[in-house]
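Structure data (compact mmCIF, C-alpha atoms) from structure_36.txt:
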# COMPACT_ATOMS: atom_id res chain seq x y z
CA MET R 13 15.46 -14.12 -14.05
CA LYS R 14 14.16 -12.48 -17.20
CA ARG R 15 13.34 -8.94 -18.17
CA ILE R 16 9.84 -8.26 -19.40
CA LYS R 17 9.09 -5.58 -21.97
CA PHE R 18 5.54 -4.39 -22.45
CA PHE R 19 4.13 -3.39 -25.81
CA VAL R 20 0.74 -1.72 -25.94
CA THR R 21 -1.75 -1.50 -28.76
CA ALA R 22 -2.56 1.72 -30.54
CA ALA R 23 -5.74 2.13 -28.49
CA VAL R 24 -3.75 2.23 -25.28
CA VAL R 25 -1.10 4.48 -26.77
CA LEU R 26 -3.77 7.00 -27.69
CA ALA R 27 -4.88 7.08 -24.06
CA VAL R 28 -1.41 7.96 -22.78
CA ILE R 29 -0.92 11.56 -21.78
CA PRO R 30 1.79 13.34 -23.80
CA ALA R 31 5.18 13.65 -22.14
CA MET R 32 4.78 17.36 -21.43
CA ALA R 33 1.52 16.70 -19.59
CA GLN R 34 3.23 14.29 -17.20
CA LYS R 35 4.72 17.25 -15.38
CA SER R 36 1.24 18.36 -14.32
CA ILE R 37 0.56 15.08 -12.50
CA PRO R 38 1.71 15.37 -8.88
CA LEU R 39 4.36 13.08 -7.42
CA VAL R 40 2.81 13.49 -3.96
CA TYR R 41 0.05 15.41 -2.19
CA ASP R 42 -0.18 17.51 0.96
CA GLN R 43 -3.41 15.78 2.05
CA GLU R 44 -3.96 12.37 3.58
CA PHE R 45 -7.04 11.66 1.44
CA THR R 46 -7.89 13.93 -1.49
CA GLY R 47 -11.10 12.02 -2.19
CA ALA R 48 -12.81 12.71 1.12
CA LYS R 49 -15.35 14.98 -0.60
CA TYR R 50 -16.79 12.18 -2.73
CA PRO R 51 -19.72 10.05 -1.52
CA ALA R 52 -19.28 6.34 -0.93
CA PRO R 53 -20.51 3.96 -3.64
CA ALA R 54 -23.18 1.33 -3.00
CA PHE R 55 -21.85 -1.77 -1.26
CA PRO R 56 -23.50 -4.95 -2.56
CA THR R 57 -23.73 -7.90 -0.18
CA VAL R 58 -22.46 -11.36 -1.04
CA ASP R 59 -25.94 -12.31 -2.19
CA GLU R 60 -26.33 -9.17 -4.31
CA ALA R 61 -22.89 -9.16 -5.93
CA LYS R 62 -22.35 -10.66 -9.37
CA SER R 63 -19.56 -13.11 -10.03
CA LEU R 64 -16.59 -11.94 -12.11
CA GLU R 65 -13.91 -14.51 -12.83
CA THR R 66 -11.36 -11.93 -14.07
CA LEU R 67 -9.88 -8.96 -12.23
CA PRO R 68 -12.29 -6.00 -12.16
CA ASN R 69 -11.55 -3.10 -14.46
CA PRO R 70 -9.98 -0.40 -12.23
CA PHE R 71 -11.10 2.31 -14.66
CA GLU R 72 -14.80 1.42 -14.38
CA PHE R 73 -16.71 3.34 -11.74
CA SER R 74 -18.56 1.33 -9.12
CA ASN R 75 -22.23 0.61 -9.91
CA SER R 76 -21.76 2.24 -13.32
CA LYS R 77 -20.46 1.64 -16.83
CA LYS R 78 -18.76 5.02 -16.84
CA GLN R 79 -14.98 4.87 -17.02
CA VAL R 80 -11.98 6.97 -16.10
CA LYS R 81 -11.01 8.89 -19.21
CA LYS R 82 -8.69 11.58 -17.86
CA PHE R 83 -6.44 11.92 -14.86
CA LYS R 84 -8.90 14.29 -13.17
CA ASP R 85 -11.39 11.38 -13.11
CA TRP R 86 -8.96 9.20 -11.14
CA GLU R 87 -9.41 11.13 -7.88
CA LYS R 88 -13.10 10.18 -7.74
CA ARG R 89 -12.54 6.59 -8.85
CA ARG R 90 -9.72 6.22 -6.36
CA ALA R 91 -12.04 7.41 -3.57
CA GLU R 92 -14.50 4.64 -4.47
CA ILE R 93 -11.78 1.97 -4.22
CA VAL R 94 -10.58 3.35 -0.87
CA ARG R 95 -14.06 3.08 0.58
CA GLU R 96 -14.66 -0.39 -0.86
CA LEU R 97 -11.46 -1.74 0.64
CA GLN R 98 -12.31 -0.24 4.00
CA HIS R 99 -15.91 -1.48 3.88
CA TYR R 100 -15.15 -5.06 2.87
CA GLU R 101 -11.68 -5.76 4.26
CA ILE R 102 -10.02 -3.62 6.89
CA GLY R 103 -12.64 -1.33 8.38
CA GLU R 104 -12.72 2.44 8.59
CA LYS R 105 -9.52 4.42 8.80
CA PRO R 106 -10.85 7.54 10.56
CA MET R 107 -9.58 10.99 9.71
CA VAL R 108 -8.31 13.13 12.60
CA ASP R 109 -8.59 16.89 12.96
CA LYS R 110 -5.24 18.51 13.78
CA LYS R 111 -6.85 20.26 16.76
CA ASP R 112 -7.12 16.83 18.39
CA ILE R 113 -3.41 16.11 17.95
CA GLU R 114 -0.49 17.27 20.07
CA ALA R 115 3.00 16.69 18.69
CA THR R 116 6.41 17.40 20.18
CA LEU R 117 9.98 16.71 19.15
CA ASP R 118 12.48 16.17 21.96
CA GLY R 119 15.88 15.73 20.36
CA ASN R 120 15.18 13.02 17.82
CA LYS R 121 12.13 11.55 19.60
CA LEU R 122 8.78 12.40 18.02
CA THR R 123 5.77 12.10 20.32
CA VAL R 124 2.24 12.30 18.93
CA LYS R 125 -0.83 12.35 21.20
CA VAL R 126 -4.30 11.91 19.74
CA THR R 127 -7.28 12.69 21.97
CA ARG R 128 -10.87 11.63 21.38
CA ASN R 129 -13.81 11.17 23.76
CA GLY R 130 -11.60 11.90 26.74
CA GLU R 131 -9.10 9.18 25.78
CA THR R 132 -5.52 9.83 24.61
CA LEU R 133 -3.36 7.53 22.51
CA GLU R 134 0.36 8.24 22.42
CA ILE R 135 2.65 7.18 19.58
CA THR R 136 6.39 7.73 19.73
CA ALA R 137 9.10 7.21 17.13
CA THR R 138 12.82 7.90 17.01
CA ILE R 139 14.11 9.71 13.93
CA ASN R 140 17.63 8.71 12.93
CA TYR R 141 19.10 11.69 11.16
CA PRO R 142 22.11 11.78 8.83
CA GLU R 143 24.75 14.45 9.35
CA GLY R 144 23.81 17.91 8.20
CA ASP R 145 21.08 20.47 8.67
CA GLY R 146 18.39 19.04 6.40
CA PRO R 147 15.64 19.03 5.44
CA PHE R 148 16.08 15.32 4.78
CA PRO R 149 13.95 12.80 2.93
CA LEU R 150 12.50 10.20 5.30
CA MET R 151 12.00 6.45 5.03
CA ILE R 152 9.49 5.03 7.50
CA GLY R 153 9.91 1.38 8.43
CA ALA R 154 6.55 -0.36 8.87
CA SER R 155 7.36 -2.21 12.10
CA ASN R 156 10.91 -2.36 10.76
CA ASN R 157 12.95 -1.65 7.64
CA ALA R 158 14.28 -4.88 6.13
CA LEU R 159 16.11 -3.14 3.28
CA PRO R 160 19.89 -2.63 3.54
CA ARG R 161 20.46 0.36 5.79
CA GLN R 162 23.26 1.71 3.62
CA PHE R 163 20.65 2.54 0.99
CA PHE R 164 19.59 5.37 3.30
CA SER R 165 22.61 6.21 5.45
CA GLU R 166 24.84 6.68 2.40
CA ARG R 167 22.24 8.95 0.78
CA LYS R 168 21.54 11.21 3.76
CA ILE R 169 18.00 9.94 4.15
CA ALA R 170 16.51 10.03 7.64
CA GLN R 171 14.94 6.82 9.00
CA MET R 172 12.11 6.20 11.44
CA ASN R 173 10.26 3.04 12.46
CA PHE R 174 6.54 2.84 13.23
CA SER R 175 5.99 0.54 16.22
CA GLU R 176 2.57 -0.88 15.44
CA ARG R 177 1.98 -2.35 18.89
CA GLN R 178 1.41 1.17 20.18
CA VAL R 179 -1.85 1.06 18.21
CA ASN R 180 -2.78 -2.61 17.96
CA SER R 181 -1.13 -5.98 18.51
CA TYR R 182 0.45 -8.13 15.79
CA SER R 183 -2.47 -10.56 15.90
CA GLN R 184 -5.11 -8.62 17.86
CA MET R 185 -5.03 -11.52 20.30
CA ALA R 186 -5.66 -11.24 24.02
CA GLY R 187 -3.50 -8.94 26.10
CA GLY R 188 -4.68 -5.45 25.27
CA PHE R 189 -5.76 -2.82 27.78
CA GLY R 190 -8.82 -4.94 28.58
CA GLY R 191 -6.78 -7.84 29.95
CA GLY R 192 -5.89 -11.29 28.69
CA GLU R 193 -9.16 -13.18 28.97
CA LYS R 194 -10.46 -12.96 25.42
CA LYS R 195 -9.23 -15.32 22.70
CA ASP R 196 -10.08 -12.66 20.15
CA GLY R 197 -8.62 -9.41 21.42
CA ARG R 198 -10.65 -7.10 19.19
CA GLY R 199 -11.78 -4.10 21.13
CA THR R 200 -9.05 -4.33 23.76
CA TYR R 201 -6.22 -2.24 22.29
CA ASN R 202 -5.19 1.39 22.33
CA PHE R 203 -6.95 2.30 19.09
CA ASP R 204 -10.17 0.86 20.55
CA ARG R 205 -10.07 3.26 23.48
CA LEU R 206 -10.44 6.12 21.01
CA TYR R 207 -12.80 4.36 18.60
CA PRO R 208 -14.89 1.77 20.48
CA GLU R 209 -17.45 1.88 17.67
CA LEU R 210 -14.84 0.42 15.28
CA VAL R 211 -14.40 -2.80 17.21
CA ASP R 212 -14.80 -4.85 14.01
CA ASN R 213 -11.82 -3.19 12.34
CA GLY R 214 -8.92 -5.22 11.08
CA ALA R 215 -5.41 -4.30 12.21
CA TYR R 216 -4.33 -2.94 8.82
CA SER R 217 -6.71 0.02 8.94
CA GLU R 218 -5.49 0.86 12.44
CA TRP R 219 -1.81 0.46 11.60
CA ALA R 220 -2.24 2.68 8.55
CA TRP R 221 -4.02 5.17 10.83
CA GLY R 222 -1.01 5.15 13.17
CA VAL R 223 1.43 5.84 10.33
CA SER R 224 -0.72 8.79 9.25
CA ARG R 225 -0.67 10.20 12.76
CA LEU R 226 3.14 10.20 12.75
CA ILE R 227 3.05 12.15 9.49
CA ASP R 228 0.56 14.55 11.12
CA GLY R 229 3.06 14.96 13.94
CA LEU R 230 5.84 15.86 11.53
CA GLU R 231 3.58 18.46 9.94
CA ILE R 232 2.70 19.94 13.31
CA VAL R 233 6.28 20.33 14.56
CA GLY R 234 7.13 21.87 11.19
CA ALA R 235 10.67 22.85 10.24
CA ALA R 236 11.97 21.56 13.57
CA SER R 237 11.50 18.02 12.28
CA LYS R 238 14.18 18.62 9.60
CA ILE R 239 12.13 16.36 7.31
CA ASP R 240 11.36 17.12 3.67
CA MET R 241 7.61 16.49 3.71
CA LYS R 242 7.46 16.04 -0.07
CA HIS R 243 9.84 13.09 0.05
CA ILE R 244 8.51 10.59 2.58
CA GLY R 245 8.67 6.86 1.87
CA ILE R 246 7.47 3.74 3.64
CA THR R 247 8.68 0.15 3.45
CA GLY R 248 8.22 -3.14 5.25
CA CYS R 249 8.50 -6.87 4.62
CA SER R 250 6.11 -9.82 4.94
CA TYR R 251 3.16 -8.84 7.20
CA ALA R 252 4.86 -5.43 7.45
CA GLY R 253 5.08 -5.39 3.65
CA LYS R 254 1.29 -5.46 3.70
CA MET R 255 1.37 -2.72 6.34
CA ALA R 256 3.57 -0.57 4.12
CA LEU R 257 1.32 -1.13 1.11
CA TRP R 258 -1.90 -0.35 3.00
CA SER R 259 -0.28 2.73 4.57
CA GLY R 260 1.07 4.03 1.26
CA ALA R 261 -2.24 3.34 -0.46
CA MET R 262 -4.26 5.17 2.20
CA ASP R 263 -2.08 8.25 2.76
CA GLU R 264 -1.34 10.42 -0.25
CA ARG R 265 1.41 12.31 1.56
CA ILE R 266 3.67 9.27 1.12
CA ALA R 267 5.71 9.73 -2.05
CA LEU R 268 7.26 6.25 -2.30
CA THR R 269 5.96 2.87 -1.16
CA ILE R 270 8.23 -0.18 -1.26
CA ALA R 271 6.25 -3.32 -0.38
CA GLN R 272 8.70 -6.17 0.17
CA GLU R 273 7.30 -9.72 -0.07
CA PRO R 274 3.78 -8.65 1.04
CA GLY R 275 2.02 -11.87 -0.03
CA GLY R 276 -1.73 -12.44 0.27
CA GLY R 277 -3.60 -9.49 1.73
CA GLY R 278 -0.92 -7.31 0.17
CA ALA R 279 -0.20 -7.11 -3.55
CA ALA R 280 -1.51 -10.58 -4.47
CA ALA R 281 -4.93 -10.64 -6.13
CA TRP R 282 -7.42 -12.72 -4.15
CA ARG R 283 -9.02 -14.17 -7.28
CA VAL R 284 -5.71 -15.46 -8.61
CA SER R 285 -4.57 -16.78 -5.23
CA GLN R 286 -7.76 -18.83 -4.99
CA THR R 287 -6.59 -20.86 -8.02
CA LEU R 288 -3.16 -21.66 -6.59
CA GLY R 289 -1.86 -24.20 -4.07
CA LYS R 290 -0.97 -23.69 -0.42
CA VAL R 291 -0.86 -19.92 -0.45
CA GLU R 292 -2.13 -17.07 1.69
CA ASN R 293 -5.52 -16.74 0.04
CA LEU R 294 -8.58 -14.93 1.38
CA GLY R 295 -9.62 -17.83 3.58
CA ALA R 296 -6.11 -18.57 4.84
CA THR R 297 -4.64 -15.37 6.23
CA ASP R 298 -4.62 -13.98 9.77
CA GLU R 299 -8.25 -13.15 10.48
CA HIS R 300 -7.29 -10.53 13.05
CA TRP R 301 -5.61 -8.41 10.41
CA PHE R 302 -8.91 -7.99 8.58
CA MET R 303 -12.60 -7.59 9.35
CA LYS R 304 -14.35 -10.82 10.27
CA SER R 305 -16.94 -10.15 7.59
CA MET R 306 -14.25 -10.45 4.90
CA TRP R 307 -14.49 -14.22 5.29
CA ASP R 308 -18.02 -14.11 3.87
CA TRP R 309 -16.28 -13.71 0.49
CA LYS R 310 -13.92 -16.70 0.70
CA GLU R 311 -13.81 -19.77 -1.56
CA GLU R 312 -16.70 -19.74 -4.06
CA ASN R 313 -17.49 -16.09 -3.24
CA VAL R 314 -14.06 -14.65 -4.02
CA SER R 315 -15.13 -13.98 -7.61
CA LYS R 316 -17.99 -11.81 -6.28
CA LEU R 317 -15.68 -9.25 -4.69
CA PRO R 318 -16.44 -5.82 -6.21
CA TYR R 319 -12.67 -5.15 -6.34
CA ASP R 320 -9.35 -6.97 -5.98
CA HIS R 321 -5.85 -6.17 -4.79
CA HIS R 322 -4.52 -4.84 -8.08
CA GLU R 323 -6.74 -1.92 -7.13
CA LEU R 324 -5.14 -1.70 -3.68
CA CYS R 325 -1.80 -1.31 -5.48
CA ALA R 326 -3.33 1.20 -7.90
CA LEU R 327 -4.40 3.45 -5.02
CA VAL R 328 -0.77 4.54 -4.80
CA CYS R 329 -1.04 6.09 -8.29
CA PRO R 330 0.11 8.72 -9.24
CA ARG R 331 2.72 8.34 -6.51
CA ALA R 332 5.54 5.77 -6.71
CA LEU R 333 5.22 2.06 -5.90
CA LEU R 334 7.77 -0.75 -6.02
CA VAL R 335 6.68 -4.31 -5.19
CA LEU R 336 9.32 -6.94 -4.36
CA GLY R 337 8.57 -10.66 -4.41
CA ASN R 338 10.27 -13.98 -3.61
CA THR R 339 9.23 -17.10 -5.52
CA ASP R 340 11.02 -19.44 -3.09
CA TYR R 341 8.12 -19.09 -0.66
CA GLU R 342 4.90 -20.59 -2.06
CA TRP R 343 2.86 -19.01 0.75
CA LEU R 344 3.53 -15.52 -0.66
CA ALA R 345 1.43 -16.33 -3.77
CA ASP R 346 3.75 -14.41 -6.06
CA GLU R 347 1.96 -15.73 -9.13
CA ALA R 348 -1.01 -13.72 -7.90
CA GLY R 349 1.25 -10.82 -6.97
CA TYR R 350 2.70 -10.78 -10.48
CA VAL R 351 -0.72 -10.69 -12.16
CA SER R 352 -1.82 -7.98 -9.75
CA CYS R 353 1.23 -5.83 -10.45
CA VAL R 354 0.83 -6.07 -14.22
CA ALA R 355 -2.84 -5.14 -13.86
CA ALA R 356 -2.17 -2.26 -11.47
CA ARG R 357 0.54 -0.79 -13.66
CA GLU R 358 -2.06 -0.22 -16.35
CA VAL R 359 -3.38 2.64 -14.21
CA TRP R 360 -0.04 4.46 -14.17
CA LYS R 361 0.37 3.65 -17.86
CA LYS R 362 -2.94 5.25 -18.80
CA PHE R 363 -1.68 8.56 -17.47
CA GLY R 364 1.75 8.24 -19.08
CA ILE R 365 3.57 7.77 -15.77
CA GLU R 366 4.23 4.02 -15.80
CA ASP R 367 7.83 4.66 -14.76
CA ARG R 368 6.48 5.43 -11.27
CA MET R 369 5.43 1.79 -10.74
CA GLY R 370 7.70 -1.25 -10.86
CA PHE R 371 8.00 -4.79 -9.58
CA SER R 372 10.83 -7.28 -9.12
CA ILE R 373 10.08 -10.91 -8.29
CA GLU R 374 12.82 -13.52 -7.98
CA GLY R 375 13.94 -16.36 -5.76
CA LYS R 376 17.14 -17.88 -4.36
CA HIS R 377 17.25 -15.69 -1.29
CA GLY R 378 15.91 -15.76 2.25
CA HIS R 379 12.64 -14.25 3.30
CA CYS R 380 13.05 -10.48 3.78
CA GLN R 381 16.69 -10.71 2.70
CA LEU R 382 17.04 -8.58 -0.41
CA PRO R 383 19.51 -10.20 -2.87
CA GLN R 384 22.19 -8.01 -4.41
CA SER R 385 20.66 -8.59 -7.85
CA GLN R 386 17.73 -6.43 -6.75
CA TYR R 387 19.84 -3.66 -5.23
CA PRO R 388 19.99 -1.50 -8.40
CA GLU R 389 16.21 -1.58 -8.82
CA VAL R 390 15.48 -0.54 -5.26
CA GLU R 391 18.21 2.10 -5.29
CA ALA R 392 16.82 3.56 -8.53
CA PHE R 393 13.40 4.10 -6.95
CA ILE R 394 14.96 5.60 -3.83
CA ASP R 395 17.19 7.92 -5.86
CA ARG R 396 14.38 9.14 -8.05
CA PHE R 397 11.44 9.41 -5.66
CA LEU R 398 13.15 10.34 -2.38
CA LEU R 399 16.12 12.28 -3.72
CA GLY R 400 14.62 13.66 -6.94
CA LYS R 401 17.44 12.40 -9.14
CA ASP R 402 17.01 11.93 -12.88
CA VAL R 403 17.04 8.13 -12.85
CA ASP R 404 15.37 5.75 -15.30
CA THR R 405 12.86 3.54 -13.47
CA ASN R 406 10.84 2.49 -16.50
CA ASN R 407 12.39 -0.98 -16.81
CA VAL R 408 12.00 -2.27 -13.26
CA LEU R 409 9.73 -5.08 -14.45
CA HIS R 410 11.54 -8.28 -13.53
CA VAL R 411 10.05 -11.69 -12.87
CA ASN R 412 11.44 -15.13 -12.12
CA ASP R 413 11.14 -17.75 -14.87
CA VAL R 414 8.60 -19.74 -12.82
CA LEU R 415 6.00 -17.05 -13.54
CA GLN R 416 4.21 -17.54 -16.83
CA ASP R 417 3.45 -14.56 -19.05
CA LYS R 418 0.59 -16.38 -20.77
CA GLU R 419 -1.34 -16.57 -17.49
CA VAL R 420 -1.62 -12.81 -17.15
CA GLN R 421 -3.75 -11.70 -20.08
CA LYS R 422 -6.69 -13.93 -19.21
CA TRP R 423 -7.06 -12.11 -15.89
CA ILE R 424 -7.13 -8.62 -17.39
CA PRO R 425 -9.25 -8.67 -20.56
CA TRP R 426 -9.85 -4.93 -20.17
CA ALA R 427 -6.15 -4.28 -20.95
CA GLN R 428 -4.19 -5.07 -24.08
CA VAL R 429 -0.74 -6.16 -22.95
CA ASP R 430 1.64 -8.16 -25.11
CA PHE R 431 4.74 -9.85 -23.76
CA LYS R 432 7.84 -10.06 -25.93

Re-express the file's structure as structure tokens.
Amino acid sequence: MKRIKFFVTAAVVLAVIPAMAQKSIPLVYDQEFTGAKYPAPAFPTVDEAKSLETLPNPFEFSNSKKQVKKFKDWEKRRAEIVRELQHYEIGEKPMVDKKDIEATLDGNKLTVKVTRNGETLEITATINYPEGDGPFPLMIGASNNALPRQFFSERKIAQMNFSERQVNSYSQMAGGFGGGEKKDGRGTYNFDRLYPELVDNGAYSEWAWGVSRLIDGLEIVGAASKIDMKHIGITGCSYAGKMALWSGAMDERIALTIAQEPGGGGAAAWRVSQTLGKVENLGATDEHWFMKSMWDWKEENVSKLPYDHHELCALVCPRALLVLGNTDYEWLADEAGYVSCVAAREVWKKFGIEDRMGFSIEGKHGHCQLPQSQYPEVEAFIDRFLLGKDVDTNNVLHVNDVLQDKEVQKWIPWAQVDFK
């Protein structure tokens, strides 16, 4: 494994906000989506879209040559990316008015009931509290938490898992409330009872919706939850690593996202994955996790996508993101994940907060089995962004030797990054 140091040109340095100004950039928000007030951009079809062989510039506004110049511009640009990802990939993640939510806490069991059109969906989760009175930071496991549990138990961090099957099945296959007759189970799960008009949704929008409803529930029960609402994290591995990334990207109340081995459909850029071998590219992932129409963009049309997954990662900005990879598993497309992470980090860097985004990619360990060599990096992000400790996270930029630095720059001509 080698340590990568980034050196930026004078032009990029001039764009970085002075250190004192960093303090004015929030670490987390009290709203699920701060960009709801902005209109959606135009959505070109496959036939209308122009081909772009490199990763799109995340600072360039959709359908415009205008660019993000200051941090205040990022909120609007971020809203465009959110809507593009929902339109082309996962489907709408609907907002929910608190008046339509009932939440109770019985001991350590949180129950959230969402009612719409006469239908009610119930989500439950058990909060595992450390000793003490709180309030405690919280780590949410997307489906499960594959990180070592001592990271949290020894730090007095509460833990809670989101059971995604309460909202939608792992593969959206047959067996939902509508019975087991359909090969494609879209439209037959609990989410669909509330939102029958969103039958074309992919599972990741609905799973992210479920995570947000649990956070709503914590807000509703208030101090009784004993949770510090400014220090909520989410993590998951493999398909749940994607779930954690989508959830953290789409809910700005999540302070720290740790996406462990998320592969294609997660951190990996679709354009880069298309050039690799047997990897999880856009035409070779679980079609039930995404909208069916996403496959219109596969193969020769991948380069026409108006966005790519470096921008999914960048949606977490200005909050904290750590991406973990594993080069022993070709399917994960970590070459594409590496390029995507370098590209995404340019967003944090522009605002002088690049120490809030890191990545660590190495092999010689099992899938979803964090090696001890990565412990300090993960612990540093937990200590800083869930516990508020003064910890240096600026150098969590590690990649396995199989990843080639020279392959990165060609994908991001809009950035000036040198590798030393």

I'd like the neighbourhood of Lys238 (chain R) as a list in words, where a residue qualifies if any of its atoms comes within 8 Å (using all atoms listed in the file), though same-chain residues fewer than 3 positions away should be ignored.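 Using all atoms listed in the file, the neighbours found are Asp145, Gly146, Pro147, Phe148, Gly234 and Ala235 of chain R.
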
Cut-off 12 Å around (-1.8, -13.4, -17.2) with all atoms listed in the file: residues as a ChimeraX atom specification: /R:66-67,281,284,347-355,415-425,427-431

Gap from CA of Gly276 (chain R) to CA of Leu210 (chain R) - Å, one decimal: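 If I compute the distance from CA of Gly276 (chain R) to CA of Leu210 (chain R), I get 23.7 Å.
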
Record the distance separating CA of Glu366 (chain R) and CA of Leu97 (chain R), expressed in Å with one decimal.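 Between these atoms lies a distance of 23.4 Å.
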
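With all atoms listed in the file taken into account, the protein and nucleic acid residues at most 10 Å from region 302-311 of chain R (excluding it and anything under 4 positions from it in its own chain) are Thr57, Val58, Gln98, His99, Tyr100, Glu101, Ile102, Gly103, Val211, Asp212, Asn213, Gly214, Ala215, Tyr216, Ser217, Gly277, Trp282, Arg283, Gln286, Thr287, Asn293, Leu294, Gly295, Ala296, Thr297, Asp298, Ser315, Lys316 and Leu317 of chain R.
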
Those residues you just picked out, can you put them in a file as an mmCIF file, keeping the file's coordinate frame with C-alpha atoms?
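Below you can see result_25.cif, which holds the result:
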data_model
loop_
_atom_site.group_PDB
_atom_site.id
_atom_site.type_symbol
_atom_site.label_atom_id
_atom_site.label_comp_id
_atom_site.auth_asym_id
_atom_site.auth_seq_id
_atom_site.Cartn_x
_atom_site.Cartn_y
_atom_site.Cartn_z
ATOM 1 C CA THR R 57 -23.730 -7.900 -0.180
ATOM 2 C CA VAL R 58 -22.460 -11.360 -1.040
ATOM 3 C CA GLN R 98 -12.310 -0.240 4.000
ATOM 4 C CA HIS R 99 -15.910 -1.480 3.880
ATOM 5 C CA TYR R 100 -15.150 -5.060 2.870
ATOM 6 C CA GLU R 101 -11.680 -5.760 4.260
ATOM 7 C CA ILE R 102 -10.020 -3.620 6.890
ATOM 8 C CA GLY R 103 -12.640 -1.330 8.380
ATOM 9 C CA VAL R 211 -14.400 -2.800 17.210
ATOM 10 C CA ASP R 212 -14.800 -4.850 14.010
ATOM 11 C CA ASN R 213 -11.820 -3.190 12.340
ATOM 12 C CA GLY R 214 -8.920 -5.220 11.080
ATOM 13 C CA ALA R 215 -5.410 -4.300 12.210
ATOM 14 C CA TYR R 216 -4.330 -2.940 8.820
ATOM 15 C CA SER R 217 -6.710 0.020 8.940
ATOM 16 C CA GLY R 277 -3.600 -9.490 1.730
ATOM 17 C CA TRP R 282 -7.420 -12.720 -4.150
ATOM 18 C CA ARG R 283 -9.020 -14.170 -7.280
ATOM 19 C CA GLN R 286 -7.760 -18.830 -4.990
ATOM 20 C CA THR R 287 -6.590 -20.860 -8.020
ATOM 21 C CA ASN R 293 -5.520 -16.740 0.040
ATOM 22 C CA LEU R 294 -8.580 -14.930 1.380
ATOM 23 C CA GLY R 295 -9.620 -17.830 3.580
ATOM 24 C CA ALA R 296 -6.110 -18.570 4.840
ATOM 25 C CA THR R 297 -4.640 -15.370 6.230
ATOM 26 C CA ASP R 298 -4.620 -13.980 9.770
ATOM 27 C CA SER R 315 -15.130 -13.980 -7.610
ATOM 28 C CA LYS R 316 -17.990 -11.810 -6.280
ATOM 29 C CA LEU R 317 -15.680 -9.250 -4.690
#

Quick one: everything within 7 Å of Ala261 (chain R), counting only C-alpha atoms, minus sequence neighbours fewer than 4 positions away in the same chain. Send it as a PyMOL selection string. chain R and resi 257+324-325+327-328

Could you state the separation of CA of Met241 (chain R) and CA of Glu44 (chain R) in Å, given to one decimal place?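 A separation of 12.3 Å between them.
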
Ranking R:Asn140, R:Thr116, R:Gln178, R:Asn313 by minimum distance to Ser165 (chain R) and counting all atoms listed in the file, which one comes first? R:Asn140

Here's a test: counting all atoms listed in the file, identify every protein, DNA and RNA residue with an atom at most 10 Å from (14.9, 9.9, -3.7) in the file's coordinate frame, and state them as number ranges by chain. R: 149-151, 164, 167, 169, 243-245, 267-268, 391-403

Residue nearest Tyr201 (chain R) - candidates R:Lys77, R:Arg177, R:Arg90, R:Arg368, atoms counted: only C-alpha atoms: R:Arg177

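Distances here use only C-alpha atoms; by that measure, the residue among R:Trp258, R:Trp301, R:Tyr387, R:Phe83 closest to Leu333 (chain R) is R:Trp258.
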
Test item: residues at most 9 Å from Tyr251 (chain R), all atoms listed in the file, excluding those fewer than 2 positions along its chain, as a list in words: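 Once the nearby chain positions are removed, what remains is Gly248, Cys249, Gly253, Lys254, Met255, Ala256, Glu273, Pro274, Gly275, Gly277 and Gly278 of chain R.
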
Calculated over all atoms listed in the file, which of the candidates R:Lys105, R:Lys121, R:His300, R:Arg128 has the smallest distance to Ser224 (chain R)? R:Lys105

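Excluding Thr339 (chain R) itself and any same-chain residue fewer than 2 positions from it, the protein and nucleic acid residues within 7 Å of it, counting all atoms listed in the file, are Gly337, Tyr341, Glu342, Asp346, Ile373, Glu374 and Gly375 of chain R.
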
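The shortest atom-to-atom distance to Phe203 (chain R), with all atoms listed in the file taken into account, belongs to R:Thr127 out of R:Thr127, R:Asn407, R:Ser237, R:Thr269.
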
For Leu39 (chain R), the nearest of the candidates R:Leu288, R:Val359, R:Ala332, R:Ala54, counting all atoms listed in the file: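 Of the candidates, the smallest distance to Leu39 (chain R) is held by R:Ala332.
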